[in-house]
$ cat run_25.pdb   # PDB, C-alpha atoms, pLDDT in the B column
ATOM      1  CA  MET A   1      -9.927  14.146 -37.828  1.00 42.00           C
ATOM      2  CA  ARG A   2      -6.298  14.639 -36.854  1.00 39.00           C
ATOM      3  CA  TRP A   3      -7.265  16.564 -33.678  1.00 37.00           C
ATOM      4  CA  ARG A   4      -9.705  13.827 -32.757  1.00 37.00           C
ATOM      5  CA  ARG A   5      -6.913  11.201 -32.940  1.00 34.00           C
ATOM      6  CA  ILE A   6      -4.562  13.415 -30.916  1.00 34.00           C
ATOM      7  CA  THR A   7      -7.280  14.014 -28.307  1.00 32.00           C
ATOM      8  CA  LEU A   8      -8.074  10.299 -28.175  1.00 34.00           C
ATOM      9  CA  ALA A   9      -4.366   9.409 -27.819  1.00 32.00           C
ATOM     10  CA  LEU A  10      -3.948  11.980 -25.021  1.00 32.00           C
ATOM     11  CA  GLY A  11      -7.058  10.621 -23.299  1.00 34.00           C
ATOM     12  CA  VAL A  12      -5.642   7.084 -23.405  1.00 30.00           C
ATOM     13  CA  LEU A  13      -2.288   8.293 -22.032  1.00 30.00           C
ATOM     14  CA  VAL A  14      -3.969  10.200 -19.194  1.00 32.00           C
ATOM     15  CA  ALA A  15      -6.145   7.174 -18.345  1.00 34.00           C
ATOM     16  CA  ALA A  16      -3.080   4.914 -18.325  1.00 33.00           C
ATOM     17  CA  ALA A  17      -1.168   7.338 -16.099  1.00 34.00           C
ATOM     18  CA  VAL A  18      -4.083   7.554 -13.656  1.00 32.00           C
ATOM     19  CA  ALA A  19      -4.367   3.745 -13.576  1.00 34.00           C
ATOM     20  CA  VAL A  20      -0.638   3.285 -12.903  1.00 32.00           C
ATOM     21  CA  THR A  21      -0.676   5.955 -10.189  1.00 34.00           C
ATOM     22  CA  GLY A  22      -3.679   4.297  -8.570  1.00 37.00           C
ATOM     23  CA  LEU A  23      -1.997   0.891  -8.695  1.00 32.00           C
ATOM     24  CA  GLN A  24       1.191   2.262  -7.127  1.00 37.00           C
ATOM     25  CA  ALA A  25      -0.831   3.951  -4.391  1.00 37.00           C
ATOM     26  CA  ALA A  26      -2.736   0.725  -3.700  1.00 36.00           C
ATOM     27  CA  ARG A  27       0.538  -1.215  -3.395  1.00 39.00           C
ATOM     28  CA  SER A  28       2.084   1.290  -0.991  1.00 40.00           C
ATOM     29  CA  ALA A  29      -1.047   2.079   1.043  1.00 47.00           C
ATOM     30  CA  PRO A  30      -1.580   0.031   4.203  1.00 50.00           C
ATOM     31  CA  SER A  31      -4.240  -2.628   3.963  1.00 53.00           C
ATOM     32  CA  ALA A  32      -7.632  -1.770   5.394  1.00 71.00           C
ATOM     33  CA  THR A  33      -7.691  -5.257   6.957  1.00 84.00           C
ATOM     34  CA  PRO A  34      -5.685  -5.489  10.184  1.00 91.00           C
ATOM     35  CA  PRO A  35      -2.775  -7.961   9.985  1.00 92.00           C
ATOM     36  CA  ALA A  36      -4.061 -10.124  12.851  1.00 95.00           C
ATOM     37  CA  PHE A  37      -6.803 -10.646  15.406  1.00 96.00           C
ATOM     38  CA  VAL A  38      -7.007 -12.253  18.852  1.00 97.00           C
ATOM     39  CA  GLN A  39      -9.993 -13.798  20.578  1.00 97.00           C
ATOM     40  CA  TRP A  40      -9.924 -14.749  24.267  1.00 97.00           C
ATOM     41  CA  SER A  41     -11.812 -17.684  25.744  1.00 97.00           C
ATOM     42  CA  VAL A  42     -12.469 -19.283  29.116  1.00 97.00           C
ATOM     43  CA  ASN A  43     -12.350 -23.087  29.081  1.00 94.00           C
ATOM     44  CA  GLY A  44     -13.014 -23.040  25.322  1.00 90.00           C
ATOM     45  CA  THR A  45     -15.988 -20.627  25.456  1.00 95.00           C
ATOM     46  CA  LEU A  46     -15.318 -17.409  23.535  1.00 95.00           C
ATOM     47  CA  VAL A  47     -15.520 -14.225  25.606  1.00 95.00           C
ATOM     48  CA  GLY A  48     -15.512 -10.629  24.434  1.00 89.00           C
ATOM     49  CA  GLN A  49     -14.930  -9.453  20.888  1.00 90.00           C
ATOM     50  CA  LYS A  50     -12.117 -10.165  18.450  1.00 93.00           C
ATOM     51  CA  GLU A  51      -9.391  -7.588  18.927  1.00 95.00           C
ATOM     52  CA  ALA A  52      -7.611  -6.283  15.835  1.00 96.00           C
ATOM     53  CA  ALA A  53      -3.899  -5.609  15.657  1.00 96.00           C
ATOM     54  CA  PRO A  54      -2.627  -2.162  14.646  1.00 95.00           C
ATOM     55  CA  PRO A  55      -1.670  -2.039  10.929  1.00 93.00           C
ATOM     56  CA  ARG A  56       2.102  -2.069  11.590  1.00 93.00           C
ATOM     57  CA  ALA A  57       2.066  -4.931  14.144  1.00 95.00           C
ATOM     58  CA  ARG A  58       4.314  -7.938  13.454  1.00 95.00           C
ATOM     59  CA  ASP A  59       4.271  -9.635  16.874  1.00 96.00           C
ATOM     60  CA  PHE A  60       1.748 -10.800  19.467  1.00 97.00           C
ATOM     61  CA  HIS A  61       2.759 -11.370  23.101  1.00 97.00           C
ATOM     62  CA  ALA A  62       0.649 -12.915  25.883  1.00 98.00           C
ATOM     63  CA  GLY A  63       1.683 -13.738  29.433  1.00 97.00           C
ATOM     64  CA  TRP A  64       0.448 -15.502  32.557  1.00 97.00           C
ATOM     65  CA  THR A  65       1.647 -15.866  36.156  1.00 93.00           C
ATOM     66  CA  THR A  66       0.816 -19.457  37.169  1.00 92.00           C
ATOM     67  CA  GLY A  67       0.727 -22.816  35.455  1.00 94.00           C
ATOM     68  CA  GLY A  68       2.014 -23.870  32.075  1.00 96.00           C
ATOM     69  CA  ALA A  69       0.842 -23.570  28.482  1.00 97.00           C
ATOM     70  CA  VAL A  70       0.185 -25.605  25.368  1.00 98.00           C
ATOM     71  CA  LEU A  71       0.248 -24.217  21.818  1.00 98.00           C
ATOM     72  CA  VAL A  72      -1.393 -25.669  18.696  1.00 97.00           C
ATOM     73  CA  TRP A  73      -0.756 -24.175  15.247  1.00 97.00           C
ATOM     74  CA  THR A  74      -3.723 -23.619  12.941  1.00 96.00           C
ATOM     75  CA  LYS A  75      -4.135 -23.082   9.223  1.00 95.00           C
ATOM     76  CA  ASN A  76      -7.328 -21.381   8.061  1.00 94.00           C
ATOM     77  CA  GLY A  77      -8.961 -22.273  11.374  1.00 92.00           C
ATOM     78  CA  ASN A  78      -8.039 -25.973  11.276  1.00 95.00           C
ATOM     79  CA  THR A  79      -5.500 -27.751  13.485  1.00 95.00           C
ATOM     80  CA  ASN A  80      -2.093 -27.759  11.790  1.00 94.00           C
ATOM     81  CA  SER A  81       0.121 -29.370  14.465  1.00 96.00           C
ATOM     82  CA  ASP A  82       0.214 -31.518  17.545  1.00 96.00           C
ATOM     83  CA  ALA A  83       0.139 -29.790  20.925  1.00 97.00           C
ATOM     84  CA  ILE A  84       3.443 -28.174  21.908  1.00 98.00           C
ATOM     85  CA  ASP A  85       4.092 -27.841  25.644  1.00 97.00           C
ATOM     86  CA  ALA A  86       5.819 -24.800  27.092  1.00 97.00           C
ATOM     87  CA  PRO A  87       9.113 -25.541  28.838  1.00 97.00           C
ATOM     88  CA  ASN A  88       9.393 -25.149  32.613  1.00 96.00           C
ATOM     89  CA  GLY A  89       9.739 -21.507  33.589  1.00 95.00           C
ATOM     90  CA  ALA A  90       7.955 -20.077  30.531  1.00 97.00           C
ATOM     91  CA  ASN A  91       5.337 -17.500  31.451  1.00 97.00           C
ATOM     92  CA  ASP A  92       4.670 -15.873  28.090  1.00 96.00           C
ATOM     93  CA  VAL A  93       4.580 -16.576  24.388  1.00 98.00           C
ATOM     94  CA  ARG A  94       5.569 -14.450  21.387  1.00 97.00           C
ATOM     95  CA  VAL A  95       4.333 -15.069  17.828  1.00 97.00           C
ATOM     96  CA  VAL A  96       5.833 -13.264  14.791  1.00 96.00           C
ATOM     97  CA  TRP A  97       4.581 -12.867  11.208  1.00 95.00           C
ATOM     98  CA  GLY A  98       5.843 -11.273   7.998  1.00 88.00           C
ATOM     99  CA  ARG A  99       4.862  -8.003   6.352  1.00 81.00           C
ATOM    100  CA  GLN A 100       2.011  -9.515   4.326  1.00 82.00           C
ATOM    101  CA  ALA A 101       0.600 -11.334   7.402  1.00 77.00           C
ATOM    102  CA  ASN A 102       0.111 -14.516   5.367  1.00 88.00           C
ATOM    103  CA  THR A 103       1.946 -17.002   7.588  1.00 92.00           C
ATOM    104  CA  ILE A 104       3.598 -17.126  10.970  1.00 96.00           C
ATOM    105  CA  THR A 105       7.370 -16.920  10.607  1.00 96.00           C
ATOM    106  CA  ALA A 106       8.619 -17.517  14.173  1.00 97.00           C
ATOM    107  CA  ALA A 107       7.479 -18.057  17.745  1.00 98.00           C
ATOM    108  CA  PHE A 108       9.088 -18.268  21.154  1.00 98.00           C
ATOM    109  CA  TRP A 109       8.318 -19.376  24.671  1.00 98.00           C
ATOM    110  CA  SER A 110       9.641 -16.670  26.937  1.00 96.00           C
ATOM    111  CA  GLN A 111      10.069 -15.800  30.562  1.00 96.00           C
ATOM    112  CA  ASP A 112       9.226 -12.289  31.717  1.00 94.00           C
ATOM    113  CA  GLY A 113       9.519 -11.027  28.130  1.00 90.00           C
ATOM    114  CA  THR A 114      12.877 -12.666  27.351  1.00 94.00           C
ATOM    115  CA  ASP A 115      12.846 -15.413  24.704  1.00 95.00           C
ATOM    116  CA  MET A 116      13.971 -18.728  26.174  1.00 96.00           C
ATOM    117  CA  ALA A 117      13.061 -21.358  23.565  1.00 97.00           C
ATOM    118  CA  PRO A 118      11.972 -21.220  19.916  1.00 98.00           C
ATOM    119  CA  ILE A 119       8.727 -22.927  18.974  1.00 98.00           C
ATOM    120  CA  ARG A 120       8.826 -24.844  15.689  1.00 97.00           C
ATOM    121  CA  VAL A 121       6.172 -23.363  13.391  1.00 97.00           C
ATOM    122  CA  ALA A 122       4.179 -25.886  11.354  1.00 96.00           C
ATOM    123  CA  ALA A 123       4.393 -25.111   7.616  1.00 94.00           C
ATOM    124  CA  GLY A 124       1.675 -22.773   6.349  1.00 93.00           C
ATOM    125  CA  SER A 125       0.351 -21.866   9.799  1.00 95.00           C
ATOM    126  CA  ASN A 126      -1.631 -18.627   9.895  1.00 94.00           C
ATOM    127  CA  GLY A 127      -2.997 -18.961  13.395  1.00 96.00           C
ATOM    128  CA  ALA A 128      -2.341 -20.355  16.847  1.00 97.00           C
ATOM    129  CA  ALA A 129      -4.300 -21.402  19.900  1.00 97.00           C
ATOM    130  CA  VAL A 130      -2.603 -21.164  23.284  1.00 98.00           C
ATOM    131  CA  GLY A 131      -4.234 -22.779  26.289  1.00 97.00           C
ATOM    132  CA  LEU A 132      -3.059 -22.486  29.867  1.00 97.00           C
ATOM    133  CA  THR A 133      -2.770 -25.433  32.216  1.00 95.00           C
ATOM    134  CA  GLY A 134      -2.635 -25.657  35.995  1.00 93.00           C
ATOM    135  CA  GLY A 135      -5.273 -23.023  36.652  1.00 93.00           C
ATOM    136  CA  GLY A 136      -3.398 -20.141  34.994  1.00 95.00           C
ATOM    137  CA  VAL A 137      -5.085 -17.136  33.396  1.00 96.00           C
ATOM    138  CA  PHE A 138      -3.687 -14.575  30.982  1.00 97.00           C
ATOM    139  CA  ASP A 139      -2.884 -11.312  32.737  1.00 96.00           C
ATOM    140  CA  ARG A 140      -0.996  -9.321  30.087  1.00 97.00           C
ATOM    141  CA  ALA A 141      -0.725  -9.065  26.326  1.00 97.00           C
ATOM    142  CA  HIS A 142       0.308  -6.603  23.638  1.00 97.00           C
ATOM    143  CA  TRP A 143       0.868  -6.052  19.914  1.00 97.00           C
ATOM    144  CA  SER A 144       4.360  -5.003  18.914  1.00 96.00           C
ATOM    145  CA  ARG A 145       6.782  -4.513  16.081  1.00 94.00           C
ATOM    146  CA  GLY A 146      10.152  -5.800  17.186  1.00 88.00           C
ATOM    147  CA  ASP A 147      10.926  -4.325  20.590  1.00 87.00           C
ATOM    148  CA  ARG A 148       8.381  -1.509  20.262  1.00 95.00           C
ATOM    149  CA  VAL A 149       5.003  -2.032  21.944  1.00 96.00           C
ATOM    150  CA  LEU A 150       2.304  -0.685  19.647  1.00 97.00           C
ATOM    151  CA  ARG A 151      -0.742  -1.314  21.801  1.00 96.00           C
ATOM    152  CA  PRO A 152      -1.430  -3.148  25.062  1.00 97.00           C
ATOM    153  CA  ILE A 153      -4.277  -5.664  25.106  1.00 96.00           C
ATOM    154  CA  VAL A 154      -6.328  -6.357  28.208  1.00 95.00           C
ATOM    155  CA  PRO A 155      -7.115 -10.089  28.355  1.00 96.00           C
ATOM    156  CA  ALA A 156     -10.727 -10.957  29.099  1.00 95.00           C
ATOM    157  CA  PRO A 157     -11.293 -11.705  32.808  1.00 95.00           C
ATOM    158  CA  GLY A 158     -10.538 -15.353  33.543  1.00 96.00           C
ATOM    159  CA  ALA A 159      -9.232 -16.019  30.014  1.00 97.00           C
ATOM    160  CA  ASN A 160      -7.195 -19.205  29.929  1.00 97.00           C
ATOM    161  CA  ASP A 161      -7.125 -19.581  26.134  1.00 97.00           C
ATOM    162  CA  VAL A 162      -6.226 -17.175  23.347  1.00 97.00           C
ATOM    163  CA  HIS A 163      -6.690 -17.647  19.623  1.00 97.00           C
ATOM    164  CA  LEU A 164      -4.541 -15.690  17.163  1.00 97.00           C
ATOM    165  CA  GLU A 165      -5.497 -15.452  13.482  1.00 96.00           C
ATOM    166  CA  LEU A 166      -3.589 -13.673  10.744  1.00 95.00           C
ATOM    167  CA  LYS A 167      -5.633 -11.873   8.105  1.00 89.00           C
ATOM    168  CA  SER A 168      -4.913 -14.689   5.612  1.00 84.00           C
ATOM    169  CA  ALA A 169      -6.930 -17.068   7.837  1.00 77.00           C
ATOM    170  CA  LEU A 170     -10.027 -14.924   7.313  1.00 70.00           C
ATOM    171  CA  ARG A 171     -10.232 -15.403   3.533  1.00 62.00           C
TER     172      ARG A 171
END
$ encode --input "run_25.pdb" --output "structure tokens"
Amino acid sequence: MRWRRITLALGVLVAAAVAVTGLQAARSAPSATPPAFVQWSVNGTLVGQKEAAPPRARDFHAGWTTGGAVLVWTKNGNTNSDAIDAPNGANDVRVVWGRQANTITAAFWSQDGTDMAPIRVAAGSNGAAVGLTGGGVFDRAHWSRGDRVLRPIVPAPGANDVHLELKSALR
């Protein structure tokens, strides 16, 4: 009887240790869901497939050569702000999110990759839609983490809109 209790107690301790180890591994392991996705469109019609960000990405950049741009924040796929016009001279946009990819934390209009004006992020936004005006099309984009480019993205031919969604928008 005494050995049975000892064996049972050891079994419970081993099970608890395995559970704690598994929980710690799950917390430290990267999520299987990419932190963000982009979808290109031409005049509002989706083109191509959604493109997933690398697991360590924290920024999305997209650029164009002619015309201006308008950004609208989204939350779970719904409009979360009024339209925000790019300032004169802007030819790209940068959107930043936190480690958990739950909400957008910062954004900037930029010129040739240099930030020129912050974009106020609407509270709780986990997505953005950027549309080009004046006949512009996207000609460059990439995922990054800070100043390090993680992966270039080739915009769909003729794309004049891009939709960014963080993983929290997909729930």
$ residues_around --input "run_25.pdb" --residues "Asn88 of chain A" --least-positions-apart "3" --cutoff "10 Å" --atoms "all atoms listed in the file" --output "JSON, numbers by chain"
{"A": [67, 68, 69, 85, 91, 109, 111]}
$ closest_residue --input "run_25.pdb" --among "A:Trp40, A:Gly63, A:Thr105, A:Trp73" --to "Gly89 of chain A" --atoms "all atoms listed in the file"
A:Gly63
$ atom_distance --input "run_25.pdb" --atom1 "atom CA of Lys167 of chain A" --atom2 "atom CA of Pro87 of chain A"
28.9 Å
$ resolve_selection --input "run_25.pdb" --expression "the PyMOL selection byres ((chain A and resi 123) around 9)" --output "PyMOL selection string"
chain A and resi 75+80+103-104+121-122+124-125
$ resolve_selection --input "run_25.pdb" --expression "the PyMOL selection byres ((chain A and resi 126-138) around 8)" --output "PyMOL selection string"
chain A and resi 62-77+102-104+124-125+139-141+155+158-166+168-169
$ closest_residue --input "run_25.pdb" --among "A:Ala107, A:Val42, A:Ala101, A:Ile119" --to "Arg58 of chain A" --atoms "only C-alpha atoms"
A:Ala101
$ atom_distance --input "run_25.pdb" --atom1 "atom CA of Thr45 of chain A" --atom2 "atom CA of Trp97 of chain A"
26.2 Å
$ resolve_selection --input "run_25.pdb" --expression "the PyMOL selection byres ((chain A and resi 150) around 10)" --output "ChimeraX atom specification"
/A:53-59,142-149,151-153
$ atom_distance --input "run_25.pdb" --atom1 "atom CA of Ser110 of chain A" --atom2 "atom CA of Val95 of chain A"
10.7 Å
$ residues_around --input "run_25.pdb" --residues "Ala52 of chain A" --least-positions-apart "6" --cutoff "9 Å" --atoms "only C-alpha atoms" --output "list in words"
Thr33, Pro34, Pro35, Ala36, Phe37 and Val38 of chain A
